[in-house]
Amino acid sequence: MTSEDRKNMIRRVSDELWNKGNVDICDEVFAQNCSFHDPSFHIDGITGMKQQVRELRTANPDLHMDIQEVLAEGDLTAARWTMGGTARGEFQGIPGTGKSYVMTGMIMDKWQGDHIVEEWVNYDLAGTLQQIGIMPTLEQIAQMSKQRAAM
């Protein structure tokens, strides 16, 4: 698989998996022993990835991901993306609030032949939690601090 083929596959996987909910693409692109590294949620292999996608799309039925850029060098690809949706239901302990969000993130994949064997992801979960009203924004924290100081 060429670097350009890998870039195209990253775009295709993002659309099929996150936008359309087609979890079967996991079997096509990820190696059976693929390792997933997510800073916030444990993903146990391909089965765990499929479960996470199903749960996230159930909790956020309008979920949509856009890939801004994909880079490829040797056996690695990296992509910068934006994902948005509306938190309508609970997702792994995060309650649905009915509020919409836009999250930015990056993903890096290590390839072996035509399959991804390892994946790292990093994204702005704190910003998302602020947008859906679970966590206070910095402005809200500053205001609370001023109110406490005035007491």
# chains A, B, ... in the order shown; residues from 1 in each chain; ligands from 1
>>> closest_atom_pairs(of="region 20-43 of chain A", to="region 101-114 of chain A", cutoff="10 Å", atoms="only C-alpha atoms", output="JSON lines")
{"residue": "A:Glu28", "atom": "CA", "partner": "A:Asp114", "partner_atom": "CA", "distance": 9.0}
{"residue": "A:Val29", "atom": "CA", "partner": "A:Asp114", "partner_atom": "CA", "distance": 7.1}
{"residue": "A:Phe30", "atom": "CA", "partner": "A:Asp114", "partner_atom": "CA", "distance": 8.6}
{"residue": "A:Ala31", "atom": "CA", "partner": "A:Gln112", "partner_atom": "CA", "distance": 8.3}
{"residue": "A:Cys34", "atom": "CA", "partner": "A:Lys110", "partner_atom": "CA", "distance": 9.5}
{"residue": "A:Ser35", "atom": "CA", "partner": "A:Lys110", "partner_atom": "CA", "distance": 9.8}
{"residue": "A:Phe36", "atom": "CA", "partner": "A:Asp109", "partner_atom": "CA", "distance": 9.3}
{"residue": "A:His37", "atom": "CA", "partner": "A:Ile107", "partner_atom": "CA", "distance": 9.8}
{"residue": "A:Asp38", "atom": "CA", "partner": "A:Ile107", "partner_atom": "CA", "distance": 9.7}
>>> residues_around(residues="region 56-58 of chain A", least_positions_apart="6", cutoff="9 Å", atoms="only C-alpha atoms", output="PyMOL selection string")
chain A and resi 18-19+21+88-92
>>> write_last_selection(atoms="N, CA and C atoms", output="PDB file, in the first residue's frame")
ATOM      1  N   TRP A  18     -17.063   6.602  11.612  1.00  0.00           N
ATOM      2  CA  TRP A  18     -17.627   7.622  12.495  1.00  0.00           C
ATOM      3  C   TRP A  18     -18.874   8.282  11.920  1.00  0.00           C
ATOM      4  N   ASN A  19     -18.907   8.543  10.621  1.00  0.00           N
ATOM      5  CA  ASN A  19     -20.059   9.237  10.043  1.00  0.00           C
ATOM      6  C   ASN A  19     -21.220   8.305   9.722  1.00  0.00           C
ATOM      7  N   GLY A  21     -21.283   4.863  10.790  1.00  0.00           N
ATOM      8  CA  GLY A  21     -21.450   3.805  11.777  1.00  0.00           C
ATOM      9  C   GLY A  21     -21.186   2.409  11.238  1.00  0.00           C
ATOM     10  N   ARG A  88     -26.953  13.554  23.300  1.00  0.00           N
ATOM     11  CA  ARG A  88     -28.349  13.218  23.599  1.00  0.00           C
ATOM     12  C   ARG A  88     -28.494  12.099  24.620  1.00  0.00           C
ATOM     13  N   GLY A  89     -27.479  11.250  24.720  1.00  0.00           N
ATOM     14  CA  GLY A  89     -27.562  10.128  25.650  1.00  0.00           C
ATOM     15  C   GLY A  89     -26.259   9.945  26.396  1.00  0.00           C
ATOM     16  N   GLU A  90     -26.277   9.048  27.368  1.00  0.00           N
ATOM     17  CA  GLU A  90     -25.103   8.771  28.193  1.00  0.00           C
ATOM     18  C   GLU A  90     -24.049   8.031  27.367  1.00  0.00           C
ATOM     19  N   PHE A  91     -22.786   8.416  27.554  1.00  0.00           N
ATOM     20  CA  PHE A  91     -21.664   7.723  26.931  1.00  0.00           C
ATOM     21  C   PHE A  91     -20.594   7.493  27.975  1.00  0.00           C
ATOM     22  N   GLN A  92     -20.402   6.245  28.348  1.00  0.00           N
ATOM     23  CA  GLN A  92     -19.366   5.834  29.305  1.00  0.00           C
ATOM     24  C   GLN A  92     -19.318   6.746  30.530  1.00  0.00           C
TER      25      GLN A  92
END
>>> atom_distance(atom1="CA of Ala78 (chain A)", atom2="CA of Asn33 (chain A)")
20.0 Å
>>> select_by_dssp(residues="chain A", states="helix (DSSP H, G or I)", output="JSON, numbers by chain")
{"A": [3, 4, 5, 6, 7, 8, 9, 10, 11, 12, 13, 14, 15, 16, 17, 18, 19, 25, 26, 27, 28, 29, 45, 46, 47, 48, 49, 50, 51, 52, 53, 54, 55, 56, 57, 58, 59, 125, 126, 127, 128, 129, 130, 131, 138, 139, 140, 141, 142, 143, 144, 145, 146, 147, 148, 149, 150]}
>>> residues_around(residues="Ile25 (chain A)", least_positions_apart="2", cutoff="12 Å", atoms="only C-alpha atoms", output="ChimeraX atom specification")
/A:9-10,12-18,20-23,27-31,46-47,49-50,53,115-116
>>> closest_atom_pairs(of="region 14-121 of chain A", to="region 2-8 of chain A", cutoff="8 Å", atoms="only C-alpha atoms", output="JSON lines")
{"residue": "A:Val70", "atom": "CA", "partner": "A:Lys7", "partner_atom": "CA", "distance": 5.9}
{"residue": "A:Leu71", "atom": "CA", "partner": "A:Lys7", "partner_atom": "CA", "distance": 6.9}
{"residue": "A:Ala72", "atom": "CA", "partner": "A:Ser3", "partner_atom": "CA", "distance": 5.6}
{"residue": "A:Glu73", "atom": "CA", "partner": "A:Ser3", "partner_atom": "CA", "distance": 7.0}
{"residue": "A:Gly74", "atom": "CA", "partner": "A:Ser3", "partner_atom": "CA", "distance": 7.5}
{"residue": "A:Thr77", "atom": "CA", "partner": "A:Lys7", "partner_atom": "CA", "distance": 7.0}
>>> atom_distance(atom1="CA of Met83 (chain A)", atom2="CA of Glu55 (chain A)")
15.3 Å
>>> residues_around(residues="Gly84 (chain A)", least_positions_apart="2", cutoff="8 Å", atoms="only C-alpha atoms", output="ChimeraX atom specification")
/A:62-65,82,86,100-103
>>> select_by_dssp(residues="region 22-101 of chain A", states="strand (DSSP E or B)", output="PyMOL selection string")
chain A and resi 30-37+64-73+76-86+91+94+100-101
>>> write_last_selection(atoms="N, CA and C atoms", output="CSV table (one decimal), in the first residue's frame")
chain,number,residue,atom,x,y,z
A,30,PHE,N,-8.0,-2.7,10.3
A,30,PHE,CA,-7.2,-2.9,11.5
A,30,PHE,C,-6.7,-4.4,11.6
A,31,ALA,N,-5.4,-4.6,11.9
A,31,ALA,CA,-4.9,-5.9,12.1
A,31,ALA,C,-5.6,-6.5,13.3
A,32,GLN,N,-5.7,-7.8,13.3
A,32,GLN,CA,-6.4,-8.6,14.4
A,32,GLN,C,-5.8,-8.2,15.8
A,33,ASN,N,-4.5,-8.0,15.8
A,33,ASN,CA,-3.8,-7.7,17.1
A,33,ASN,C,-3.6,-6.2,17.3
A,34,CYS,N,-4.4,-5.4,16.7
A,34,CYS,CA,-4.2,-3.9,16.7
A,34,CYS,C,-4.3,-3.4,18.2
A,35,SER,N,-3.4,-2.5,18.5
A,35,SER,CA,-3.5,-1.8,19.8
A,35,SER,C,-4.0,-0.4,19.7
A,36,PHE,N,-4.9,0.0,20.5
A,36,PHE,CA,-5.5,1.3,20.5
A,36,PHE,C,-5.1,2.0,21.8
A,37,HIS,N,-4.7,3.3,21.6
A,37,HIS,CA,-4.2,4.1,22.7
A,37,HIS,C,-5.1,5.4,22.8
A,64,HIS,N,-20.6,13.5,13.6
A,64,HIS,CA,-19.9,13.7,12.2
A,64,HIS,C,-18.5,14.1,12.4
A,65,MET,N,-17.6,13.4,11.6
A,65,MET,CA,-16.2,13.7,11.7
A,65,MET,C,-15.7,14.2,10.3
A,66,ASP,N,-14.9,15.3,10.3
A,66,ASP,CA,-14.3,15.8,9.1
A,66,ASP,C,-12.7,15.7,9.3
A,67,ILE,N,-12.1,15.2,8.3
A,67,ILE,CA,-10.6,15.1,8.3
A,67,ILE,C,-10.1,16.4,7.6
A,68,GLN,N,-9.2,17.1,8.3
A,68,GLN,CA,-8.7,18.3,7.7
A,68,GLN,C,-7.4,18.0,6.9
A,69,GLU,N,-6.6,17.2,7.5
A,69,GLU,CA,-5.3,16.9,6.8
A,69,GLU,C,-4.9,15.4,7.2
A,70,VAL,N,-4.2,14.8,6.2
A,70,VAL,CA,-3.6,13.5,6.5
A,70,VAL,C,-2.2,13.5,6.0
A,71,LEU,N,-1.2,13.1,6.8
A,71,LEU,CA,0.2,13.0,6.4
A,71,LEU,C,0.6,11.6,6.5
A,72,ALA,N,1.5,11.2,5.6
A,72,ALA,CA,2.0,9.9,5.6
A,72,ALA,C,3.6,9.9,5.4
A,73,GLU,N,4.2,9.1,6.2
A,73,GLU,CA,5.7,9.0,6.2
A,73,GLU,C,6.1,7.6,6.6
A,76,LEU,N,3.8,5.3,9.0
A,76,LEU,CA,3.0,6.0,9.8
A,76,LEU,C,2.1,7.0,9.0
A,77,THR,N,0.9,7.2,9.5
A,77,THR,CA,0.0,8.2,9.0
A,77,THR,C,-0.5,9.0,10.2
A,78,ALA,N,-0.7,10.3,10.0
A,78,ALA,CA,-1.3,11.2,11.0
A,78,ALA,C,-2.4,12.0,10.4
A,79,ALA,N,-3.4,12.2,11.1
A,79,ALA,CA,-4.5,13.0,10.6
A,79,ALA,C,-5.0,14.0,11.7
A,80,ARG,N,-5.4,15.2,11.2
A,80,ARG,CA,-6.0,16.2,12.1
A,80,ARG,C,-7.5,16.2,11.7
A,81,TRP,N,-8.3,16.2,12.8
A,81,TRP,CA,-9.8,16.1,12.5
A,81,TRP,C,-10.6,17.0,13.4
A,82,THR,N,-11.9,17.1,13.0
A,82,THR,CA,-12.9,17.8,13.8
A,82,THR,C,-14.1,16.9,13.9
A,83,MET,N,-14.6,16.7,15.1
A,83,MET,CA,-15.8,15.9,15.3
A,83,MET,C,-16.9,16.7,16.0
A,84,GLY,N,-18.1,16.6,15.6
A,84,GLY,CA,-19.1,17.3,16.3
A,84,GLY,C,-20.4,16.4,16.5
A,85,GLY,N,-21.2,16.9,17.3
A,85,GLY,CA,-22.5,16.1,17.6
A,85,GLY,C,-23.3,16.8,18.7
A,86,THR,N,-24.3,16.1,19.1
A,86,THR,CA,-25.2,16.6,20.2
A,86,THR,C,-25.3,15.4,21.2
A,91,PHE,N,-22.8,8.4,27.6
A,91,PHE,CA,-21.7,7.7,26.9
A,91,PHE,C,-20.6,7.5,28.0
A,94,ILE,N,-20.7,9.7,30.9
A,94,ILE,CA,-20.9,11.1,30.6
A,94,ILE,C,-22.4,11.3,30.2
A,100,SER,N,-24.9,20.7,21.9
A,100,SER,CA,-24.0,20.3,20.8
A,100,SER,C,-22.6,20.7,21.2
A,101,TYR,N,-21.6,20.1,20.5
A,101,TYR,CA,-20.2,20.3,20.7
A,101,TYR,C,-19.4,20.2,19.4
>>> closest_residue(among="A:Gln147, A:Gln52, A:Ser40, A:Thr128", to="Cys26 (chain A)", atoms="only C-alpha atoms")
A:Gln52
>>> decode(residues="region 118-141 of chain A", atoms="C-alpha atoms", output="mmCIF file, in the first residue's frame")
data_model
loop_
_atom_site.group_PDB
_atom_site.id
_atom_site.type_symbol
_atom_site.label_atom_id
_atom_site.label_comp_id
_atom_site.auth_asym_id
_atom_site.auth_seq_id
_atom_site.Cartn_x
_atom_site.Cartn_y
_atom_site.Cartn_z
ATOM 1 C CA GLU A 118 -1.304 0.461 16.392
ATOM 2 C CA GLU A 119 -3.317 3.656 16.817
ATOM 3 C CA TRP A 120 -2.867 6.682 19.073
ATOM 4 C CA VAL A 121 -5.505 9.379 19.432
ATOM 5 C CA ASN A 122 -5.538 12.690 21.265
ATOM 6 C CA TYR A 123 -8.473 15.106 21.468
ATOM 7 C CA ASP A 124 -9.943 17.977 23.449
ATOM 8 C CA LEU A 125 -12.260 16.125 25.835
ATOM 9 C CA ALA A 126 -12.146 18.940 28.412
ATOM 10 C CA GLY A 127 -13.364 21.446 25.829
ATOM 11 C CA THR A 128 -16.150 19.087 24.829
ATOM 12 C CA LEU A 129 -17.238 18.593 28.443
ATOM 13 C CA GLN A 130 -17.332 22.382 28.831
ATOM 14 C CA GLN A 131 -19.442 22.799 25.690
ATOM 15 C CA ILE A 132 -22.022 20.263 26.860
ATOM 16 C CA GLY A 133 -22.203 21.786 30.337
ATOM 17 C CA ILE A 134 -20.517 19.021 32.354
ATOM 18 C CA MET A 135 -17.399 20.981 33.272
ATOM 19 C CA PRO A 136 -17.067 24.728 33.912
ATOM 20 C CA THR A 137 -15.212 26.917 31.419
ATOM 21 C CA LEU A 138 -12.189 28.943 32.492
ATOM 22 C CA GLU A 139 -14.374 32.044 32.480
ATOM 23 C CA GLN A 140 -16.882 30.366 34.813
ATOM 24 C CA ILE A 141 -14.075 29.261 37.139
#
